[in-house]
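A.B. asks: Dropping in model.txt, with compact mmCIF, N, CA, C and O atoms.
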```
# COMPACT_ATOMS: atom_id res chain seq x y z
N MET A 1 0.82 -1.18 0.00
CA MET A 1 0.00 0.00 0.00
C MET A 1 0.87 1.25 0.00
O MET A 1 1.85 1.33 0.73
N ALA A 2 0.51 2.22 -0.81
CA ALA A 2 1.29 3.46 -0.91
C ALA A 2 0.89 4.43 0.20
O ALA A 2 -0.29 4.51 0.56
N LYS A 3 1.89 5.10 0.73
CA LYS A 3 1.60 6.10 1.77
C LYS A 3 1.11 7.38 1.14
O LYS A 3 1.55 7.76 0.05
N LYS A 4 0.20 8.04 1.84
CA LYS A 4 -0.26 9.34 1.38
C LYS A 4 0.72 10.40 1.86
O LYS A 4 1.14 10.37 3.01
N ARG A 5 1.06 11.32 0.99
CA ARG A 5 1.97 12.39 1.37
C ARG A 5 1.17 13.64 1.71
O ARG A 5 0.23 13.99 1.01
N LYS A 6 1.56 14.25 2.80
CA LYS A 6 0.89 15.49 3.17
C LYS A 6 1.45 16.63 2.33
O LYS A 6 2.62 16.66 2.01
N SER A 7 0.59 17.53 2.03
CA SER A 7 1.01 18.71 1.28
C SER A 7 1.80 19.63 2.19
O SER A 7 1.38 19.95 3.29
N ARG A 8 2.94 20.05 1.75
CA ARG A 8 3.78 20.92 2.57
C ARG A 8 3.20 22.32 2.68
O ARG A 8 3.36 22.98 3.68
N THR A 9 2.53 22.77 1.65
CA THR A 9 2.01 24.13 1.69
C THR A 9 0.93 24.30 2.75
O THR A 9 0.91 25.30 3.43
N SER A 10 0.06 23.34 2.90
CA SER A 10 -1.00 23.50 3.88
C SER A 10 -0.46 23.48 5.31
O SER A 10 -0.87 24.26 6.15
N SER A 11 0.50 22.61 5.59
CA SER A 11 1.06 22.58 6.94
C SER A 11 1.91 23.82 7.20
O SER A 11 1.95 24.34 8.31
N ALA A 12 2.58 24.33 6.18
CA ALA A 12 3.38 25.55 6.33
C ALA A 12 2.47 26.74 6.62
O ALA A 12 2.78 27.58 7.45
N ARG A 13 1.35 26.80 5.95
CA ARG A 13 0.40 27.89 6.18
C ARG A 13 -0.15 27.84 7.59
O ARG A 13 -0.27 28.84 8.26
N ARG A 14 -0.50 26.64 8.04
CA ARG A 14 -1.05 26.51 9.38
C ARG A 14 -0.06 26.94 10.45
O ARG A 14 -0.40 27.64 11.38
N SER A 15 1.19 26.55 10.31
CA SER A 15 2.17 26.88 11.33
C SER A 15 2.47 28.38 11.35
O SER A 15 2.76 28.93 12.39
N THR A 16 2.37 29.04 10.21
CA THR A 16 2.62 30.48 10.17
C THR A 16 1.55 31.24 10.94
O THR A 16 1.85 32.15 11.68
N THR A 17 0.29 30.86 10.77
CA THR A 17 -0.76 31.57 11.48
C THR A 17 -0.73 31.29 12.97
O THR A 17 -1.07 32.14 13.75
N LYS A 18 -0.27 30.12 13.37
CA LYS A 18 -0.21 29.81 14.79
C LYS A 18 0.96 30.49 15.48
O LYS A 18 0.90 30.81 16.64
N ARG A 19 2.04 30.73 14.75
CA ARG A 19 3.25 31.25 15.38
C ARG A 19 3.46 32.74 15.15
O ARG A 19 4.56 33.18 14.87
N GLY A 20 2.43 33.54 15.22
CA GLY A 20 2.65 34.97 15.18
C GLY A 20 2.40 35.62 13.84
O GLY A 20 2.74 36.78 13.66
N GLY A 21 1.85 34.95 12.89
CA GLY A 21 1.54 35.55 11.61
C GLY A 21 0.32 36.44 11.64
O GLY A 21 0.01 37.12 10.70
N ARG A 22 -0.36 36.46 12.77
CA ARG A 22 -1.61 37.20 12.87
C ARG A 22 -1.40 38.70 13.03
O ARG A 22 -2.28 39.48 12.74
N ARG A 23 -0.29 39.14 13.51
CA ARG A 23 -0.08 40.56 13.80
C ARG A 23 0.79 41.24 12.74
O ARG A 23 1.48 42.20 13.03
N TRP A 24 0.75 40.79 11.52
CA TRP A 24 1.60 41.35 10.49
C TRP A 24 1.26 42.80 10.22
O TRP A 24 2.15 43.60 9.90
N SER A 25 -0.01 43.20 10.35
CA SER A 25 -0.36 44.58 10.06
C SER A 25 0.20 45.53 11.12
O SER A 25 0.58 46.66 10.80
N ALA A 26 0.28 45.09 12.36
CA ALA A 26 0.90 45.92 13.40
C ALA A 26 2.38 46.10 13.10
O ALA A 26 2.94 47.18 13.28
N ARG A 27 3.02 45.04 12.61
CA ARG A 27 4.43 45.13 12.26
C ARG A 27 4.64 46.09 11.09
O ARG A 27 5.58 46.88 11.09
N VAL A 28 3.76 46.05 10.11
CA VAL A 28 3.87 46.96 8.96
C VAL A 28 3.75 48.41 9.44
O VAL A 28 4.52 49.27 9.03
N THR A 29 2.80 48.67 10.32
CA THR A 29 2.62 50.02 10.83
C THR A 29 3.86 50.48 11.60
O THR A 29 4.29 51.62 11.47
N ARG A 30 4.44 49.60 12.39
CA ARG A 30 5.63 49.93 13.18
C ARG A 30 6.89 50.07 12.35
O ARG A 30 7.68 50.98 12.54
N GLU A 31 7.08 49.15 11.43
CA GLU A 31 8.36 49.04 10.73
C GLU A 31 8.26 49.33 9.25
O GLU A 31 9.02 48.79 8.45
N SER A 32 7.36 50.21 8.87
CA SER A 32 7.17 50.52 7.46
C SER A 32 8.45 51.04 6.82
O SER A 32 9.14 51.88 7.39
N ASP A 33 8.74 50.55 5.63
CA ASP A 33 9.90 51.06 4.90
C ASP A 33 9.59 52.41 4.26
O ASP A 33 10.49 53.13 3.86
N ALA A 34 8.33 52.75 4.16
CA ALA A 34 7.96 54.00 3.50
C ALA A 34 8.02 55.19 4.45
O ALA A 34 8.48 56.26 4.08
N LEU A 35 7.57 55.03 5.67
CA LEU A 35 7.48 56.16 6.60
C LEU A 35 7.99 55.78 7.98
O LEU A 35 7.78 54.67 8.44
N ASP A 36 8.64 56.74 8.63
CA ASP A 36 8.99 56.60 10.04
C ASP A 36 7.91 57.34 10.81
O ASP A 36 7.95 58.57 10.93
N LEU A 37 6.93 56.60 11.30
CA LEU A 37 5.78 57.22 11.96
C LEU A 37 6.10 57.61 13.40
O LEU A 37 6.85 56.92 14.09
N GLN A 38 5.50 58.70 13.82
CA GLN A 38 5.60 59.13 15.21
C GLN A 38 4.85 58.09 16.05
O GLN A 38 3.80 57.59 15.65
N LYS A 39 5.39 57.76 17.20
CA LYS A 39 4.76 56.76 18.06
C LYS A 39 3.37 57.24 18.50
O LYS A 39 3.22 58.37 18.94
N GLY A 40 2.38 56.39 18.36
CA GLY A 40 1.02 56.70 18.78
C GLY A 40 0.27 57.66 17.88
O GLY A 40 -0.73 58.25 18.29
N VAL A 41 0.72 57.82 16.65
CA VAL A 41 0.09 58.79 15.75
C VAL A 41 -1.39 58.46 15.50
O VAL A 41 -2.22 59.36 15.44
N PHE A 42 -1.74 57.21 15.40
CA PHE A 42 -3.12 56.84 15.11
C PHE A 42 -4.01 56.85 16.35
O PHE A 42 -5.23 56.71 16.24
N GLU A 43 -3.43 57.03 17.52
CA GLU A 43 -4.22 57.09 18.75
C GLU A 43 -4.58 58.53 19.13
O GLU A 43 -5.32 58.75 20.09
N LYS A 44 -4.05 59.51 18.41
CA LYS A 44 -4.35 60.91 18.72
C LYS A 44 -5.84 61.18 18.53
O LYS A 44 -6.49 60.56 17.70
N LYS A 45 -6.33 62.15 19.28
CA LYS A 45 -7.75 62.48 19.22
C LYS A 45 -8.05 63.58 18.19
O LYS A 45 -9.18 63.72 17.74
N ASP A 46 -7.05 64.36 17.83
CA ASP A 46 -7.23 65.49 16.93
C ASP A 46 -6.87 65.10 15.49
O ASP A 46 -5.71 64.75 15.22
N PRO A 47 -7.83 65.17 14.56
CA PRO A 47 -7.55 64.81 13.16
C PRO A 47 -6.44 65.67 12.53
O PRO A 47 -5.65 65.17 11.75
N LYS A 48 -6.40 66.95 12.92
CA LYS A 48 -5.36 67.83 12.38
C LYS A 48 -3.97 67.38 12.83
O LYS A 48 -3.01 67.43 12.07
N ALA A 49 -3.86 66.94 14.08
CA ALA A 49 -2.58 66.47 14.62
C ALA A 49 -2.13 65.20 13.89
O ALA A 49 -0.94 65.03 13.60
N ILE A 50 -3.07 64.32 13.61
CA ILE A 50 -2.76 63.09 12.87
C ILE A 50 -2.26 63.45 11.48
O ILE A 50 -1.23 62.94 11.02
N ALA A 51 -2.97 64.35 10.81
CA ALA A 51 -2.60 64.76 9.46
C ALA A 51 -1.23 65.43 9.44
O ALA A 51 -0.40 65.14 8.57
N ARG A 52 -0.98 66.31 10.40
CA ARG A 52 0.33 67.00 10.48
C ARG A 52 1.46 66.00 10.66
O ARG A 52 2.50 66.09 10.01
N SER A 53 1.25 65.03 11.54
CA SER A 53 2.27 64.04 11.81
C SER A 53 2.56 63.17 10.59
O SER A 53 3.72 62.91 10.25
N LEU A 54 1.50 62.72 9.91
CA LEU A 54 1.68 61.91 8.71
C LEU A 54 2.36 62.71 7.61
O LEU A 54 3.22 62.19 6.90
N LYS A 55 1.98 63.97 7.47
CA LYS A 55 2.60 64.81 6.44
C LYS A 55 4.10 64.98 6.72
O LYS A 55 4.93 64.85 5.82
N ARG A 56 4.42 65.27 7.98
CA ARG A 56 5.83 65.44 8.35
C ARG A 56 6.62 64.17 8.07
O ARG A 56 7.70 64.20 7.48
N SER A 57 6.06 63.04 8.47
CA SER A 57 6.74 61.75 8.25
C SER A 57 6.95 61.48 6.76
O SER A 57 8.02 61.03 6.36
N ALA A 58 5.93 61.75 5.97
CA ALA A 58 6.02 61.48 4.53
C ALA A 58 7.02 62.40 3.84
O ALA A 58 7.78 61.97 2.97
N GLU A 59 7.04 63.67 4.25
CA GLU A 59 7.94 64.62 3.60
C GLU A 59 9.40 64.40 4.00
O GLU A 59 10.30 64.70 3.23
N HIS A 60 9.63 63.87 5.18
CA HIS A 60 11.00 63.67 5.64
C HIS A 60 11.56 62.28 5.32
O HIS A 60 12.73 62.02 5.53
N SER A 61 10.73 61.41 4.79
CA SER A 61 11.16 60.05 4.48
C SER A 61 11.98 60.03 3.19
O SER A 61 11.59 60.63 2.19
N SER A 62 13.08 59.33 3.23
CA SER A 62 13.90 59.17 2.02
C SER A 62 13.69 57.78 1.41
O SER A 62 14.27 57.48 0.37
N ARG A 63 12.85 56.96 2.05
CA ARG A 63 12.67 55.58 1.58
C ARG A 63 11.36 55.36 0.86
O ARG A 63 11.11 54.29 0.34
N ARG A 64 10.49 56.36 0.83
CA ARG A 64 9.18 56.15 0.20
C ARG A 64 9.33 56.06 -1.32
O ARG A 64 10.26 56.60 -1.89
N LYS A 65 8.38 55.36 -1.93
CA LYS A 65 8.43 55.15 -3.38
C LYS A 65 7.48 56.10 -4.11
O LYS A 65 7.72 56.44 -5.26
N ALA A 66 6.41 56.50 -3.47
CA ALA A 66 5.43 57.40 -4.08
C ALA A 66 5.65 58.82 -3.56
O ALA A 66 6.52 59.07 -2.73
N ASN A 67 4.81 59.75 -4.03
CA ASN A 67 4.93 61.12 -3.53
C ASN A 67 4.45 61.17 -2.07
O ASN A 67 3.77 60.26 -1.60
N PRO A 68 4.80 62.23 -1.33
CA PRO A 68 4.47 62.29 0.10
C PRO A 68 2.97 62.17 0.40
O PRO A 68 2.58 61.47 1.33
N TYR A 69 2.14 62.82 -0.40
CA TYR A 69 0.70 62.76 -0.17
C TYR A 69 0.19 61.33 -0.27
O TYR A 69 -0.54 60.85 0.59
N ARG A 70 0.60 60.65 -1.32
CA ARG A 70 0.13 59.28 -1.54
C ARG A 70 0.62 58.34 -0.44
O ARG A 70 -0.12 57.47 0.03
N SER A 71 1.86 58.52 0.00
CA SER A 71 2.40 57.67 1.06
C SER A 71 1.65 57.87 2.37
O SER A 71 1.31 56.90 3.05
N ALA A 72 1.40 59.13 2.72
CA ALA A 72 0.69 59.43 3.97
C ALA A 72 -0.74 58.91 3.94
O ALA A 72 -1.20 58.27 4.89
N LEU A 73 -1.44 59.17 2.84
CA LEU A 73 -2.82 58.72 2.73
C LEU A 73 -2.91 57.19 2.70
O LEU A 73 -3.81 56.60 3.30
N SER A 74 -1.95 56.56 2.05
CA SER A 74 -1.94 55.09 2.00
C SER A 74 -1.76 54.48 3.39
O SER A 74 -2.41 53.49 3.72
N MET A 75 -0.88 55.06 4.18
CA MET A 75 -0.64 54.54 5.53
C MET A 75 -1.89 54.70 6.40
O MET A 75 -2.27 53.80 7.14
N LEU A 76 -2.55 55.84 6.28
CA LEU A 76 -3.78 56.08 7.04
C LEU A 76 -4.88 55.12 6.61
O LEU A 76 -5.56 54.51 7.44
N THR A 77 -5.06 54.95 5.32
CA THR A 77 -6.07 54.03 4.80
C THR A 77 -5.76 52.60 5.21
O THR A 77 -6.66 51.85 5.59
N PHE A 78 -4.50 52.22 5.15
CA PHE A 78 -4.08 50.89 5.56
C PHE A 78 -4.47 50.63 7.01
O PHE A 78 -5.02 49.59 7.35
N TYR A 79 -4.21 51.61 7.88
CA TYR A 79 -4.53 51.45 9.29
C TYR A 79 -6.03 51.28 9.49
O TYR A 79 -6.47 50.40 10.23
N ILE A 80 -6.82 52.10 8.82
CA ILE A 80 -8.28 52.02 8.95
C ILE A 80 -8.79 50.67 8.45
O ILE A 80 -9.60 50.01 9.12
N ASN A 81 -8.31 50.24 7.30
CA ASN A 81 -8.79 48.99 6.72
C ASN A 81 -8.40 47.77 7.56
O ASN A 81 -9.19 46.84 7.72
N ARG A 82 -7.17 47.76 8.09
CA ARG A 82 -6.73 46.61 8.86
C ARG A 82 -7.40 46.54 10.23
O ARG A 82 -7.54 45.47 10.79
N ALA A 83 -7.79 47.68 10.78
CA ALA A 83 -8.48 47.66 12.07
C ALA A 83 -9.86 47.04 11.91
O ALA A 83 -10.36 46.35 12.80
N GLY A 84 -10.50 47.27 10.78
CA GLY A 84 -11.76 46.63 10.44
C GLY A 84 -12.85 46.81 11.49
O GLY A 84 -13.10 47.90 11.97
N LYS A 85 -13.48 45.70 11.86
CA LYS A 85 -14.59 45.74 12.80
C LYS A 85 -14.15 46.08 14.22
O LYS A 85 -14.97 46.45 15.05
N ASN A 86 -12.86 45.94 14.50
CA ASN A 86 -12.37 46.24 15.85
C ASN A 86 -12.21 47.73 16.10
O ASN A 86 -11.94 48.14 17.22
N LEU A 87 -12.37 48.54 15.07
CA LEU A 87 -12.22 49.99 15.21
C LEU A 87 -13.56 50.59 15.61
O LEU A 87 -14.54 50.50 14.86
N PRO A 88 -13.64 51.21 16.79
CA PRO A 88 -14.91 51.83 17.21
C PRO A 88 -15.31 52.95 16.25
O PRO A 88 -14.45 53.58 15.62
N ALA A 89 -16.60 53.20 16.16
CA ALA A 89 -17.12 54.21 15.24
C ALA A 89 -16.53 55.59 15.53
O ALA A 89 -16.23 56.35 14.60
N SER A 90 -16.32 55.91 16.80
CA SER A 90 -15.76 57.22 17.15
C SER A 90 -14.33 57.37 16.63
O SER A 90 -13.96 58.43 16.12
N ARG A 91 -13.52 56.30 16.73
CA ARG A 91 -12.14 56.35 16.21
C ARG A 91 -12.14 56.43 14.69
O ARG A 91 -11.35 57.17 14.10
N LYS A 92 -13.03 55.66 14.07
CA LYS A 92 -13.10 55.68 12.61
C LYS A 92 -13.48 57.06 12.11
O LYS A 92 -12.93 57.54 11.11
N LYS A 93 -14.38 57.73 12.82
CA LYS A 93 -14.80 59.07 12.45
C LYS A 93 -13.62 60.04 12.52
O LYS A 93 -13.41 60.86 11.62
N VAL A 94 -12.83 59.94 13.58
CA VAL A 94 -11.66 60.81 13.75
C VAL A 94 -10.65 60.54 12.62
O VAL A 94 -10.10 61.48 12.02
N LEU A 95 -10.42 59.27 12.32
CA LEU A 95 -9.45 58.92 11.27
C LEU A 95 -9.94 59.32 9.88
O LEU A 95 -9.14 59.74 9.03
N GLN A 96 -11.24 59.23 9.65
CA GLN A 96 -11.80 59.69 8.37
C GLN A 96 -11.64 61.21 8.24
O GLN A 96 -11.34 61.73 7.17
N ARG A 97 -11.84 61.93 9.34
CA ARG A 97 -11.62 63.38 9.33
C ARG A 97 -10.15 63.70 9.09
O ARG A 97 -9.82 64.69 8.46
N ALA A 98 -9.27 62.84 9.60
CA ALA A 98 -7.83 63.04 9.39
C ALA A 98 -7.49 62.91 7.89
O ALA A 98 -6.61 63.62 7.41
N LYS A 99 -8.21 62.06 7.17
CA LYS A 99 -8.02 61.97 5.72
C LYS A 99 -8.34 63.31 5.06
O LYS A 99 -7.60 63.78 4.21
N ASP A 100 -9.46 63.90 5.47
CA ASP A 100 -9.84 65.21 4.92
C ASP A 100 -8.80 66.28 5.26
O ASP A 100 -8.45 67.11 4.42
N GLU A 101 -8.31 66.25 6.49
CA GLU A 101 -7.28 67.21 6.91
C GLU A 101 -5.98 66.99 6.13
O GLU A 101 -5.29 67.96 5.81
N LEU A 102 -5.67 65.75 5.84
CA LEU A 102 -4.47 65.43 5.07
C LEU A 102 -4.59 65.99 3.65
O LEU A 102 -3.65 66.58 3.11
N ARG A 103 -5.76 65.82 3.04
CA ARG A 103 -6.00 66.38 1.71
C ARG A 103 -5.84 67.89 1.74
O ARG A 103 -5.21 68.47 0.85
N HIS A 104 -6.38 68.51 2.77
CA HIS A 104 -6.29 69.96 2.91
C HIS A 104 -4.83 70.39 3.11
O HIS A 104 -4.37 71.38 2.53
N ALA A 105 -4.09 69.67 3.94
CA ALA A 105 -2.70 70.00 4.23
C ALA A 105 -1.82 69.94 2.97
O ALA A 105 -0.87 70.71 2.82
N PHE A 106 -2.16 69.04 2.06
CA PHE A 106 -1.40 68.91 0.84
C PHE A 106 -2.00 69.72 -0.32
O PHE A 106 -1.54 69.64 -1.46
N GLY A 107 -3.07 70.47 -0.01
CA GLY A 107 -3.70 71.31 -1.04
C GLY A 107 -4.45 70.51 -2.10
O GLY A 107 -4.50 70.90 -3.25
N ARG A 108 -5.02 69.41 -1.69
CA ARG A 108 -5.73 68.55 -2.64
C ARG A 108 -7.24 68.56 -2.45
O ARG A 108 -7.91 67.61 -2.82
N ASP A 109 -7.77 69.57 -1.84
CA ASP A 109 -9.23 69.59 -1.60
C ASP A 109 -9.99 70.38 -2.62
O ASP A 109 -9.76 70.75 -3.62
```
Could you write out this structure as structure tokens?

C.D. replies:
Amino acid sequence: MAKKRKSRTSSARRSTTKRGGRRWSARVTRESDALDLQKGVFEKKDPKAIARSLKRSAEHSSRRKANPYRSALSMLTFYINRAGKNLPASRKKVLQRAKDELRHAFGRD
């Protein structure tokens, strides 16, 4: 009788999710190659402060691939999307306002 071989890809996928693969979005936010974010930037209560911080980070970054506006807006959108259902409505509202402030700060409104 021939032995059945297990697929390596399925077992590799399972072990990755069990051993810390779940927090990859937090790592991206912390260690982004595009921007050096100020600590706690997404926890601020003021949308203007969030926008100012993201703008400063984007303009001072030498590692980003896109223009500063696109990099800053992408990081903010990434954070909102990855938080998903765990993001309270009040925080989402503040972060959505920060998008508008970011557009205004870059003269894109």

A.B. asks: Residues within 12 Å of (-7.5, 65.2, 6.1), file coordinates, counting only C-alpha atoms: what are they? Give the list as a PyMOL selection string.

C.D. replies: chain A and resi 46-55+69+72-73+76-77+93-109

A.B. asks: What are the centre and edge lengths in Å, to one decimal, of the axis-aligned box around all listed atoms of segment 65-69 of chain A with 8 Å added on each side, as lines of an AutoDock Vina configuration file?

C.D. replies:
```
center_x = 3.9
center_y = 59.0
center_z = -2.0
size_x = 25.0
size_y = 23.7
size_z = 22.6
```

A.B. asks: Using DSSP secondary structure from the backbone, list all alpha helix (DSSP H) positions within segment 41-85 of chain A, as a ChimeraX atom specification.

C.D. replies: /A:47-60,68-83

A.B. asks: Please report the interatomic distance between atom N of Ala89 of chain A and atom CA of Arg56 of chain A in Å with one decimal.

C.D. replies: 26.7 Å
